[in-house]
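What's in my_file_1.txt: compact mmCIF, C-alpha atoms
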# COMPACT_ATOMS: atom_id res chain seq x y z
CA MET A 1 -2.07 14.82 -2.85
CA ALA A 2 -4.92 15.07 -0.39
CA ALA A 3 -7.35 17.72 0.83
CA ARG A 4 -6.84 19.27 4.25
CA ILE A 5 -9.89 20.06 6.35
CA ASN A 6 -8.40 23.46 7.10
CA LYS A 7 -9.66 26.84 5.96
CA LYS A 8 -6.10 28.25 6.06
CA ARG A 9 -4.68 25.75 3.57
CA SER A 10 -6.78 23.35 1.55
CA PHE A 11 -4.16 20.87 0.31
CA LEU A 12 -1.55 18.46 1.62
CA PHE A 13 1.37 16.70 -0.02
CA VAL A 14 1.19 13.17 1.36
CA SER A 15 4.79 12.07 1.70
CA LYS A 16 5.82 8.53 0.80
CA VAL A 17 9.09 8.91 2.73
CA LEU A 18 8.15 10.72 5.96
CA GLY A 19 6.40 7.99 7.99
CA LYS A 20 3.47 10.17 9.04
CA HIS A 21 0.42 9.59 6.85
CA ILE A 22 1.43 6.40 5.00
CA PRO A 23 2.97 3.28 6.59
CA VAL A 24 6.56 2.92 5.32
CA ASN A 25 9.71 0.89 5.73
CA PRO A 26 11.15 2.49 8.92
CA TYR A 27 14.50 2.98 7.21
CA THR A 28 12.89 5.21 4.57
CA PRO A 29 12.16 8.21 6.84
CA LEU A 30 15.49 7.72 8.60
CA LEU A 31 17.19 7.87 5.22
CA SER A 32 15.22 11.01 4.31
CA GLY A 33 16.83 12.91 7.17
CA ALA A 34 20.24 11.40 6.45
CA ALA A 35 19.99 12.49 2.80
CA LEU A 36 19.30 16.06 3.95
CA ALA A 37 22.37 15.76 6.19
CA LEU A 38 24.45 14.82 3.18
CA LEU A 39 23.16 17.86 1.28
CA LEU A 40 24.16 20.06 4.23
CA TYR A 41 27.58 18.42 4.42
CA ARG A 42 28.22 19.16 0.76
CA GLU A 43 26.85 22.71 1.04
CA ARG A 44 29.07 23.60 3.99
CA GLY A 45 32.28 22.33 2.45
CA GLY A 46 32.68 19.06 4.28
CA GLY A 47 35.26 17.43 2.03
CA SER A 48 37.14 14.88 4.10
CA ALA A 49 35.42 11.97 2.34
CA GLY A 50 36.05 13.33 -1.19
CA THR A 51 33.64 14.52 -3.88
CA GLU A 52 33.42 11.16 -5.63
CA ALA A 53 32.57 9.35 -2.39
CA MET A 54 29.92 11.97 -1.57
CA ASP A 55 28.37 11.61 -5.03
CA GLU A 56 28.21 7.86 -4.56
CA LEU A 57 26.56 8.24 -1.14
CA MET A 58 24.00 10.67 -2.55
CA ASP A 59 23.18 8.33 -5.41
CA ARG A 60 22.68 5.46 -2.97
CA ALA A 61 20.46 7.66 -0.81
CA VAL A 62 18.28 8.67 -3.75
CA GLN A 63 17.95 5.05 -4.88
CA GLY A 64 17.09 4.05 -1.32
CA LEU A 65 14.29 6.61 -1.20
CA ILE A 66 12.91 5.48 -4.55
CA HIS A 67 13.25 1.77 -3.76
CA PRO A 68 12.34 1.00 -0.09
CA GLU A 69 14.12 -2.35 -0.19
CA ARG A 70 17.41 -0.43 -0.59
CA ALA A 71 16.76 2.08 2.19
CA GLU A 72 18.41 0.14 5.02
CA GLU A 73 21.67 -0.42 3.16
CA ALA A 74 21.82 3.21 2.01
CA TYR A 75 21.10 4.51 5.53
CA HIS A 76 23.83 2.44 7.15
CA ALA A 77 26.30 3.42 4.42
CA LEU A 78 25.66 7.08 5.13
CA LEU A 79 26.07 6.65 8.89
CA ALA A 80 29.29 4.71 8.29
CA ALA A 81 30.76 7.76 6.53
CA ARG A 82 31.03 9.42 9.98
CA LEU A 83 30.27 12.90 8.68
CA VAL A 84 31.47 15.88 10.72
CA LEU A 85 30.87 19.47 9.68
CA PRO A 86 33.73 22.01 9.67
CA GLU A 87 32.00 23.92 12.51
CA PRO A 88 29.39 23.10 15.18
CA VAL A 89 25.72 23.53 14.21
CA VAL A 90 22.34 23.40 15.96
CA PHE A 91 19.40 21.58 14.37
CA MET A 92 15.79 22.49 15.13
CA GLY A 93 12.95 20.25 13.91
CA PHE A 94 9.41 21.58 13.61
CA ALA A 95 6.56 19.86 15.46
CA GLU A 96 4.82 17.76 14.91
CA THR A 97 5.56 16.36 11.49
CA ALA A 98 9.30 17.04 11.27
CA THR A 99 10.43 16.00 14.77
CA ALA A 100 11.85 12.72 13.47
CA LEU A 101 13.10 14.22 10.20
CA GLY A 102 15.15 16.79 12.09
CA HIS A 103 16.41 14.16 14.53
CA SER A 104 17.51 11.79 11.77
CA MET A 105 19.27 14.67 9.96
CA TYR A 106 21.12 15.61 13.15
CA HIS A 107 21.94 11.98 13.97
CA ALA A 108 23.73 11.49 10.63
CA PHE A 109 26.64 13.58 11.95
CA ALA A 110 29.19 11.84 14.14
CA GLY A 111 30.02 14.91 16.21
CA GLY A 112 29.77 18.66 16.57
CA ALA A 113 25.97 18.79 16.39
CA ALA A 114 23.09 19.64 18.72
CA TYR A 115 19.37 19.08 18.23
CA ILE A 116 16.06 20.26 19.63
CA HIS A 117 12.54 20.07 18.28
CA THR A 118 9.69 22.45 18.89
CA THR A 119 6.60 21.24 20.70
CA ARG A 120 2.98 22.16 21.19
CA GLU A 121 2.85 20.62 24.67
CA LEU A 122 2.53 23.02 27.60
CA ILE A 123 5.00 22.27 30.40
CA PRO A 124 4.47 24.87 33.17
CA GLU A 125 7.74 24.14 35.01
CA LEU A 126 9.81 25.15 31.96
CA ASP A 127 10.18 28.40 30.05
CA SER A 128 10.04 28.35 26.26
CA VAL A 129 13.17 29.96 24.83
CA VAL A 130 11.61 30.36 21.38
CA THR A 131 7.94 30.92 20.56
CA PHE A 132 6.44 31.44 17.12
CA GLU A 133 3.42 30.70 14.95
CA GLU A 134 2.93 28.40 11.96
CA GLU A 135 0.37 30.54 10.18
CA HIS A 136 -1.26 27.97 7.90
CA SER A 137 -1.52 25.24 10.53
CA HIS A 138 -4.56 24.06 12.43
CA ALA A 139 -2.33 24.40 15.56
CA VAL A 140 -0.23 27.53 15.38
CA ASP A 141 1.81 27.87 18.59
CA HIS A 142 5.31 26.39 18.73
CA LEU A 143 7.26 26.22 21.99
CA CYS A 144 10.88 25.25 22.54
CA TYR A 145 12.15 23.96 25.90
CA ALA A 146 15.97 23.94 25.89
CA LEU A 147 17.32 22.58 29.18
CA ASP A 148 20.84 23.66 28.23
CA ALA A 149 20.84 27.46 28.35
CA GLY A 150 23.76 27.52 25.94
CA LEU A 151 22.07 25.44 23.23
CA LEU A 152 20.77 28.45 21.29
CA SER A 153 22.73 31.27 22.90
CA GLY A 154 25.91 30.74 20.86
CA THR A 155 26.72 31.92 17.35
CA GLU A 156 26.56 28.53 15.59
CA PRO A 157 24.45 28.31 12.41
CA ILE A 158 20.93 27.04 13.11
CA ILE A 159 19.49 24.43 10.76
CA LEU A 160 15.68 24.63 10.67
CA VAL A 161 14.16 21.34 9.50
CA ASP A 162 10.63 20.93 8.11
CA ASP A 163 9.04 18.34 5.88
CA GLU A 164 7.73 20.89 3.38
CA ILE A 165 8.30 24.58 2.64
CA THR A 166 5.34 26.14 0.82
CA THR A 167 5.50 29.87 1.57
CA GLY A 168 8.47 29.88 3.94
CA ASN A 169 6.58 31.95 6.49
CA THR A 170 7.10 29.46 9.33
CA ALA A 171 10.87 29.70 8.90
CA ILE A 172 10.69 33.50 8.67
CA ASN A 173 8.68 33.70 11.92
CA THR A 174 11.13 31.36 13.62
CA ILE A 175 14.22 33.23 12.45
CA ARG A 176 12.75 36.54 13.61
CA ASP A 177 12.10 35.19 17.10
CA ILE A 178 15.48 33.48 17.43
CA GLN A 179 17.34 36.49 16.08
CA SER A 180 15.62 38.82 18.57
CA LYS A 181 16.90 36.69 21.47
CA PHE A 182 19.97 34.80 20.23
CA PRO A 183 21.43 36.76 17.28
CA ARG A 184 23.78 35.04 14.87
CA ARG A 185 24.86 35.37 11.28
CA GLU A 186 23.60 32.26 9.53
CA TYR A 187 20.53 30.04 9.14
CA VAL A 188 19.80 27.04 6.91
CA VAL A 189 16.25 25.92 6.08
CA ALA A 190 16.21 22.21 5.15
CA SER A 191 13.15 20.37 3.84
CA LEU A 192 12.07 17.40 1.78
CA LEU A 193 10.02 19.67 -0.51
CA ASP A 194 10.47 23.35 -1.39
CA TRP A 195 7.50 24.90 -3.24
CA ARG A 196 8.30 28.59 -2.63
CA SER A 197 7.31 31.06 -5.32
CA GLU A 198 9.62 33.79 -6.59
CA ARG A 199 7.85 36.20 -4.22
CA ASN A 200 8.44 33.84 -1.27
CA ILE A 201 12.11 33.50 -2.20
CA ARG A 202 12.42 37.29 -2.32
CA ALA A 203 10.97 37.41 1.20
CA TYR A 204 14.02 35.41 2.39
CA ARG A 205 16.36 37.86 0.65
CA GLU A 206 14.55 40.82 2.17
CA LEU A 207 14.82 39.27 5.65
CA GLU A 208 18.54 38.76 5.09
CA GLN A 209 18.95 42.45 4.30
CA GLU A 210 16.78 43.54 7.21
CA LEU A 211 18.52 41.43 9.87
CA GLY A 212 22.03 41.29 8.39
CA ILE A 213 22.00 37.48 8.16
CA GLN A 214 22.43 34.73 5.58
CA ILE A 215 19.68 32.16 4.87
CA THR A 216 20.42 29.05 2.79
CA ALA A 217 17.63 26.74 1.58
CA LEU A 218 18.25 23.02 1.01
CA SER A 219 15.71 20.47 -0.21
CA LEU A 220 15.49 17.04 -1.84
CA LEU A 221 12.94 18.32 -4.34
CA GLN A 222 12.18 21.84 -5.50
CA GLY A 223 9.39 23.13 -7.71
CA THR A 224 6.39 25.43 -7.89
CA ILE A 225 2.68 24.86 -7.35
CA GLU A 226 -0.59 26.58 -8.12
CA VAL A 227 -3.72 25.96 -6.08
CA HIS A 228 -7.27 26.49 -7.36
CA GLY A 229 -10.58 25.94 -5.59
CA THR A 230 -11.94 26.49 -2.11
CA PRO A 231 -10.91 24.70 1.10
CA LEU A 232 -12.80 21.57 2.09
CA LEU A 233 -14.06 22.26 5.62
CA THR A 234 -15.89 19.00 6.38
CA PRO A 235 -15.27 15.44 5.20
CA ALA A 236 -17.75 14.07 2.68
CA GLY A 237 -19.46 10.68 2.85
CA GLY A 238 -17.77 8.47 5.45
CA ASN A 239 -14.12 7.83 6.20
CA GLY A 240 -13.28 5.41 3.41
CA ALA A 241 -12.35 2.63 5.82
CA ALA A 242 -13.17 -1.02 5.24
CA SER A 243 -15.34 -2.83 7.77
CA SER A 244 -13.66 -4.47 10.75
CA THR A 245 -13.88 -8.25 10.99
CA GLY A 246 -13.25 -8.54 14.74
CA GLU A 247 -11.36 -7.17 17.72
CA ALA A 248 -7.72 -7.95 18.47
CA GLU A 249 -6.43 -8.62 21.97
CA LEU A 250 -4.94 -5.61 23.77
CA VAL A 251 -1.80 -6.10 25.85
CA THR A 252 -0.05 -3.35 27.82
CA THR A 253 3.71 -3.73 28.16
CA HIS A 254 6.13 -1.57 30.12
CA VAL A 255 9.52 -1.77 28.43
CA LEU A 256 12.78 -0.77 30.11
CA ASP A 257 14.69 1.70 27.96
CA GLY A 258 17.54 2.81 30.23
CA LEU A 259 16.91 6.48 29.42
CA GLU A 260 16.86 9.30 31.96
CA ARG A 261 13.51 10.89 32.81
CA LEU A 262 12.70 14.56 33.22
CA PRO A 263 10.33 15.00 36.21
CA VAL A 264 8.08 17.71 34.80
CA THR A 265 4.34 17.74 34.17
CA SER A 266 2.17 18.74 31.22
CA VAL A 267 -1.14 20.58 31.24
CA ASP A 268 -3.81 20.11 28.58
CA GLY A 269 -6.35 22.59 27.24
CA GLN A 270 -8.77 21.79 30.06
CA GLY A 271 -6.18 22.38 32.76
CA ILE A 272 -5.78 18.66 33.53
CA VAL A 273 -2.26 17.83 34.71
CA ASN A 274 -0.38 14.70 33.69
CA PRO A 275 2.39 14.16 36.29
CA ALA A 276 4.16 11.39 34.33
CA PRO A 277 7.78 12.33 33.52
CA TYR A 278 9.08 12.77 29.97
CA VAL A 279 11.98 11.01 28.28
CA LYS A 280 14.78 13.55 28.73
CA HIS A 281 16.59 12.63 25.51
CA SER A 282 13.68 12.43 23.09
CA GLY A 283 14.82 15.63 21.33
CA ARG A 284 12.16 17.85 22.88
CA PHE A 285 14.56 19.23 25.50
CA GLY A 286 17.80 19.34 23.54
CA LEU A 287 20.53 16.86 22.63
CA HIS A 288 24.24 16.87 21.81
CA SER A 289 26.24 14.39 19.75
CA ALA A 290 27.72 12.96 22.96
CA ASP A 291 24.22 11.73 23.92
CA ASN A 292 23.79 9.59 20.81
CA ALA A 293 25.64 6.48 22.01
CA GLN A 294 23.36 6.08 25.03
CA ILE A 295 20.25 6.67 22.91
CA ASP A 296 21.40 4.12 20.31
CA SER A 297 22.00 1.55 23.04
CA SER A 298 18.57 2.18 24.57
CA ILE A 299 16.85 1.83 21.20
CA SER A 300 18.51 -1.54 20.62
CA ARG A 301 17.49 -2.62 24.12
CA VAL A 302 13.83 -1.78 23.51
CA ALA A 303 13.83 -3.35 20.04
CA GLU A 304 15.24 -6.60 21.42
CA GLN A 305 12.45 -6.80 24.00
CA LEU A 306 9.76 -6.11 21.42
CA ARG A 307 11.18 -8.59 18.90
CA GLY A 308 10.51 -11.25 21.51
CA LEU A 309 6.82 -10.26 21.61
CA ARG A 310 6.25 -10.50 17.87
CA GLU A 311 3.93 -13.26 16.72
CA GLY A 312 2.99 -12.28 13.17
CA SER A 313 4.84 -11.58 9.94
CA ARG A 314 2.99 -8.32 9.15
CA THR A 315 3.65 -5.80 11.91
CA LEU A 316 2.91 -2.09 12.22
CA VAL A 317 4.91 0.00 14.71
CA MET A 318 3.41 3.38 15.57
CA GLY A 319 4.65 6.60 17.10
CA VAL A 320 2.23 9.11 18.58
CA GLY A 321 2.16 12.77 17.55
CA GLU A 322 5.52 14.42 18.19
CA PHE A 323 6.97 11.20 19.61
CA MET A 324 8.18 9.81 16.29
CA TYR A 325 11.94 9.32 16.18
CA LEU A 326 12.52 6.80 18.96
CA PRO A 327 9.62 4.53 17.80
CA MET A 328 10.93 4.83 14.23
CA ARG A 329 14.40 3.73 15.28
CA VAL A 330 12.97 0.88 17.38
CA ALA A 331 10.86 -0.27 14.42
CA ALA A 332 13.96 -0.36 12.22
CA GLU A 333 15.58 -2.89 14.57
CA MET A 334 12.58 -5.18 15.08
CA GLY A 335 13.24 -7.45 12.10
CA GLY A 336 11.56 -8.07 8.74
CA GLY A 337 7.95 -7.41 7.84
CA ILE A 338 7.82 -4.11 9.76
CA ALA A 339 6.00 -0.96 8.66
CA TYR A 340 6.15 2.30 10.57
CA GLN A 341 4.00 5.40 10.85
CA SER A 342 2.79 7.92 13.41
CA SER A 343 -0.58 9.27 14.40
CA THR A 344 -1.14 12.93 13.54
CA ARG A 345 -3.29 15.88 14.51
CA SER A 346 -3.62 17.05 10.91
CA PRO A 347 -7.24 16.68 9.65
CA ILE A 348 -7.34 15.25 6.13
CA HIS A 349 -10.31 14.33 3.94
CA PRO A 350 -10.16 10.60 2.99
CA GLU A 351 -11.27 9.22 -0.33
CA ARG A 352 -10.69 5.72 -1.62
CA ARG A 353 -9.29 6.09 -5.13
CA ALA A 354 -5.98 5.19 -6.74
CA ASP A 355 -4.70 8.71 -7.42
CA TYR A 356 -5.41 10.11 -3.95
CA GLY A 357 -3.05 10.19 -0.95
CA VAL A 358 -5.35 9.26 1.97
CA HIS A 359 -7.82 6.41 1.44
CA SER A 360 -8.92 5.86 5.06
CA ALA A 361 -9.04 7.83 8.29
CA ALA A 362 -9.79 7.00 11.92
CA ALA A 363 -10.26 9.87 14.38
CA TYR A 364 -10.12 9.92 18.18
CA PRO A 365 -9.48 12.41 21.03
CA SER A 366 -5.80 12.73 21.86
CA ALA A 367 -4.63 10.97 25.01
CA GLY A 368 -2.59 14.05 25.85
CA ASP A 369 -5.42 16.53 25.35
CA GLU A 370 -9.00 15.42 24.78
CA GLU A 371 -9.82 18.71 23.06
CA ILE A 372 -7.45 17.77 20.21
CA MET A 373 -8.42 15.17 17.62
CA ASN A 374 -5.78 12.72 16.41
CA PHE A 375 -5.92 10.61 13.26
CA ILE A 376 -4.59 7.33 11.90
CA TYR A 377 -4.48 7.28 8.10
CA ASN A 378 -4.13 4.59 5.45
CA VAL A 379 -4.44 1.54 7.71
CA ASP A 380 -7.21 -0.94 6.87
CA PRO A 381 -8.64 -3.73 9.07
CA GLY A 382 -6.70 -6.95 8.53
CA GLN A 383 -3.70 -5.20 6.98
CA TYR A 384 -1.45 -6.12 9.92
CA ASP A 385 -1.31 -9.18 12.16
CA GLU A 386 -0.25 -7.02 15.10
CA ILE A 387 0.26 -3.38 15.95
CA PHE A 388 2.79 -1.98 18.43
CA VAL A 389 2.09 1.59 19.56
CA LEU A 390 4.86 3.21 21.59
CA LEU A 391 4.18 5.88 24.22
CA GLU A 392 6.78 8.21 25.71
CA ARG A 393 5.00 8.48 29.07
CA GLU A 394 2.08 7.03 30.95
CA VAL A 395 -1.45 8.37 30.56
CA PRO A 396 -4.67 7.28 32.27
CA ARG A 397 -6.22 4.19 30.65
CA GLN A 398 -9.50 5.96 29.88
CA ARG A 399 -7.65 8.60 27.86
CA ILE A 400 -5.76 6.13 25.68
CA ALA A 401 -8.81 3.87 25.17
CA PRO A 402 -10.24 5.76 22.14
CA MET A 403 -7.01 5.09 20.23
CA THR A 404 -6.55 1.48 21.33
CA ASP A 405 -10.21 0.71 20.54
CA ILE A 406 -9.56 1.75 16.94
CA LEU A 407 -6.31 -0.21 16.76
CA GLN A 408 -8.04 -3.33 18.07
CA ARG A 409 -10.47 -3.13 15.15
CA LEU A 410 -7.58 -2.72 12.70
CA ALA A 411 -5.18 -5.47 13.87
CA VAL A 412 -5.90 -9.14 13.17
CA ASN A 413 -4.53 -10.68 16.38
CA LYS A 414 -3.00 -8.33 18.91
CA VAL A 415 -2.35 -4.69 19.82
CA HIS A 416 0.66 -4.00 22.03
CA LEU A 417 0.43 -0.76 24.00
CA VAL A 418 4.11 -0.21 24.78
CA ILE A 419 5.02 2.30 27.49
CA LEU A 420 8.70 3.20 27.75
CA THR A 421 9.89 3.26 31.33
CA SER A 422 13.01 3.37 33.47
CA ASP A 423 11.24 1.56 36.32
CA GLN A 424 12.85 -1.85 36.91
CA LYS A 425 9.69 -3.13 38.63
CA ARG A 426 7.51 -2.85 35.53
CA GLU A 427 6.67 -6.05 33.69
CA ALA A 428 4.57 -7.04 30.70
CA CYS A 429 0.96 -7.69 31.67
CA SER A 430 -2.52 -8.26 30.31
CA ASP A 431 -4.54 -5.09 29.83
CA GLU A 432 -7.53 -6.43 31.75
CA GLY A 433 -8.12 -3.97 34.59
CA ASN A 434 -4.68 -2.48 34.22
CA PRO A 435 -4.21 1.30 33.94
CA ALA A 436 -1.83 2.45 31.21

In structure tokens, what does this structure look like?
Amino acid sequence: MAARINKKRSFLFVSKVLGKHIPVNPYTPLLSGAALALLLYRERGGGSAGTEAMDELMDRAVQGLIHPERAEEAYHALLAARLVLPEPVVFMGFAETATALGHSMYHAFAGGAAYIHTTRELIPELDSVVTFEEEHSHAVDHLCYALDAGLLSGTEPIILVDDEITTGNTAINTIRDIQSKFPRREYVVASLLDWRSERNIRAYRELEQELGIQITALSLLQGTIEVHGTPLLTPAGGNGAASSTGEAELVTTHVLDGLERLPVTSVDGQGIVNPAPYVKHSGRFGLHSADNAQIDSSISRVAEQLRGLREGSRTLVMGVGEFMYLPMRVAAEMGGGIAYQSSTRSPIHPERRADYGVHSAAAYPSAGDEEIMNFIYNVDPGQYDEIFVLLEREVPRQRIAPMTDILQRLAVNKVHLVILTSDQKREACSDEGNPA
């Protein structure tokens, strides 16, 4: 547990399997999504592999989540099962925390699946097909840019994926908006944790009756919670971080990924435009199972290049904000001694004690929008020999500097600022005088 600095909700469950607030074995969050996929497969009557085989896979998944050293084997075993649902489905992951969770759940199916994740980035050239609010969040607006007009316009069940369901209101708001534009009969809400009260569960039933739909909830862990006390609005007494012993070298590397780019721009809260294109197949703009082979190949290509840059035995690989899944997959293929996590925009109060979820915090203005603070949690100076941080698109050097300055104080030897690119002319270079 940890305390949010948020007047709307004062607490946070700090996940040991998500790869957001705690560095983890990269196969652990991938397995989390795959385990949810297995639950969905069993729920929807996927029986080609047999009940006994499914029970064995689920047991291996659970053991892999409990014991990180077993996560890789369990994850590959689940992918090898080549699961296919009896009917096509569409997965939707919630930004920013569940973008990779939803992607890894979708990716566990060998065919018949589509995926898109919501975003909080404003892209003026595109229209959002779904818009809703996450009421308890510090950032409430969700947008959804589906390039394929048919992605949500069919009648397939939609699988909404979030890391944690507390009241269920986010899913209710989403279902209402989707149903008003793209009506269908069935929704599934999948999450790692489900803490809904009896009243919250009744709200799902009432929505079913109102809209004439069916809502199924799936989770790895279900229970109830009670919260007492008032929200913590400001952090108390420092950030809990240990003192830095030096400054690591910063190297900027452009890595060829072979992925198609989408030539659209983003606009931040100050109206500043970033013209750098996005990765088309990140999940933000929609994916189909047929895209997975190319994405898998590109991930292996990037991982091979980054393996050649490794110099230490303790390595942290980082995603940034919503850009979690591709860095997570790359980290999983970079060899031993790898930990993975992502930066986040969720403000959390740090406190250094054994029974608390966030012992250190480093804050900096987001490279994508300087009005938004981002945070790196639970990384101490000297914990890693080197840190690789992967960016989806280029940003001006002065905007990424607040983050890399922090990372240079955390890493022992080197920080690699890795920018994914499809430009054959890009090469690895020293950061001195070089714009990111």

Contacts of region 340-353 of chain A within 7 Å, all atoms listed in the file, excl. fewer than 2 positions in-chain, as a PyMOL selection string = chain A and resi 2-5+19-26+235+239-240+316-321+324+328+331+338+355-356+358-361+373-376

query = If you measure from CA of Phe285 (chain A) to CA of His142 (chain A), what distance in Å do you get, rounded to one decimal?
reply =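 For CA of Phe285 (chain A) relative to CA of His142 (chain A), the distance reads 13.5 Å.
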
task = Would you mind reading off the distance between CA of Arg120 (chain A) and CA of Phe94 (chain A), one decimal, in Å?
result = 10.0 Å

key: Within-12 Å shell of (9.8, 10.2, 7.0) in input frame, only C-alpha atoms, as a PyMOL selection string   = chain A and resi 14-36+65+68+71+97-105+162-164+191-192+319+324-325+328-329+339-342

inquiry  = When you look at Ser422 (chain A) with a cut-off of 7 Å (counting only C-alpha atoms), what residues show up, excluding the ones that are within fewer than 6 positions of it in the same chain? I need them as a VMD selection string.
reply    = chain A and resid 256 to 259

Around all listed atoms of region 276-281 of chain A, padded 8 Å per side, what centre and edge lengths does the axis-aligned box have in Å to one decimal, as JSON?
{"center_x": 10.4, "center_y": 12.3, "center_z": 29.9, "size_x": 28.4, "size_y": 18.5, "size_z": 24.8}

ask   = What is the CA of Ala77 (chain A) to CA of Val90 (chain A) distance in Å?
value =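 CA of Val90 (chain A) lies 23.4 Å from CA of Ala77 (chain A).
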
inquiry  = So that I can check the surroundings of Glu198 (chain A), please list as a PyMOL selection string every protein, DNA and RNA residue that reaches within 10 Å of it, counting all atoms listed in the file and ignoring chain neighbours fewer than 5 positions away.
reply    = chain A and resi 167+203+224

query = Leu78 (chain A): which residues within 9 Å, counting all atoms listed in the file, same-chain residues fewer than 2 positions away excluded, as a list in words?
reply =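 So, after excluding close chain neighbours, the residues are Leu31, Ala34, Ala35, Leu38, Leu57, Met58, Arg60, Ala61, Glu73, Ala74, Tyr75, His76, Ala80, Ala81, Arg82, Leu83 and Ala108 of chain A.
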
task = Choose the residue, out of A:Ala113, A:Ala367, A:Leu309, A:Ala248, that has the smallest atom-to-atom separation from Tyr384 (chain A); count all atoms listed in the file.
result = A:Ala248

task = Would you be able to write out as a VMD selection string which residues have an atom within 8 Å of (-11.1, 5.3, 14.7) in the file's coordinates, counting only C-alpha atoms?
result = chain A and resid 361 to 364 375 to 376 402 to 403 405 to 407

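Of the residues listed (A:Ile172, A:Val84, A:Met92, A:Leu207), A:Met92 shows the shortest atom-to-atom separation from Thr119 (chain A); distances use all atoms listed in the file.
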
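Closest approach to Leu211 (chain A) among A:His416, A:Arg284, A:Arg261, A:Arg185: A:Arg185, based on all atoms listed in the file.
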
message = Here is a test: counting all atoms listed in the file, which residue of A:Gly286, A:Gly246, A:Gly212, A:Pro277 is nearest to Leu391 (chain A)?
response =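 Looking only at the distances to Leu391 (chain A), the closest residue turns out to be A:Pro277.
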
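Proximity ranking of A:Ala190, A:Val161, A:Glu121, A:Leu151 relative to Leu220 (chain A) places A:Ala190 first, based on all atoms listed in the file.
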
inquiry  = I'd like the neighbourhood of Gln305 (chain A) as a PyMOL selection string, where a residue qualifies if any of its atoms comes within 12 Å (using only C-alpha atoms), though same-chain residues fewer than 5 positions away should be ignored.
reply    = chain A and resi 253-257+298-300+310+330-331+333-335+418+420+427-428

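Between Phe182 (chain A) and the residues A:Asn169, A:Gln383, A:Ser153, A:Gln294, the shortest atom-to-atom distance, using only C-alpha atoms, involves A:Ser153.
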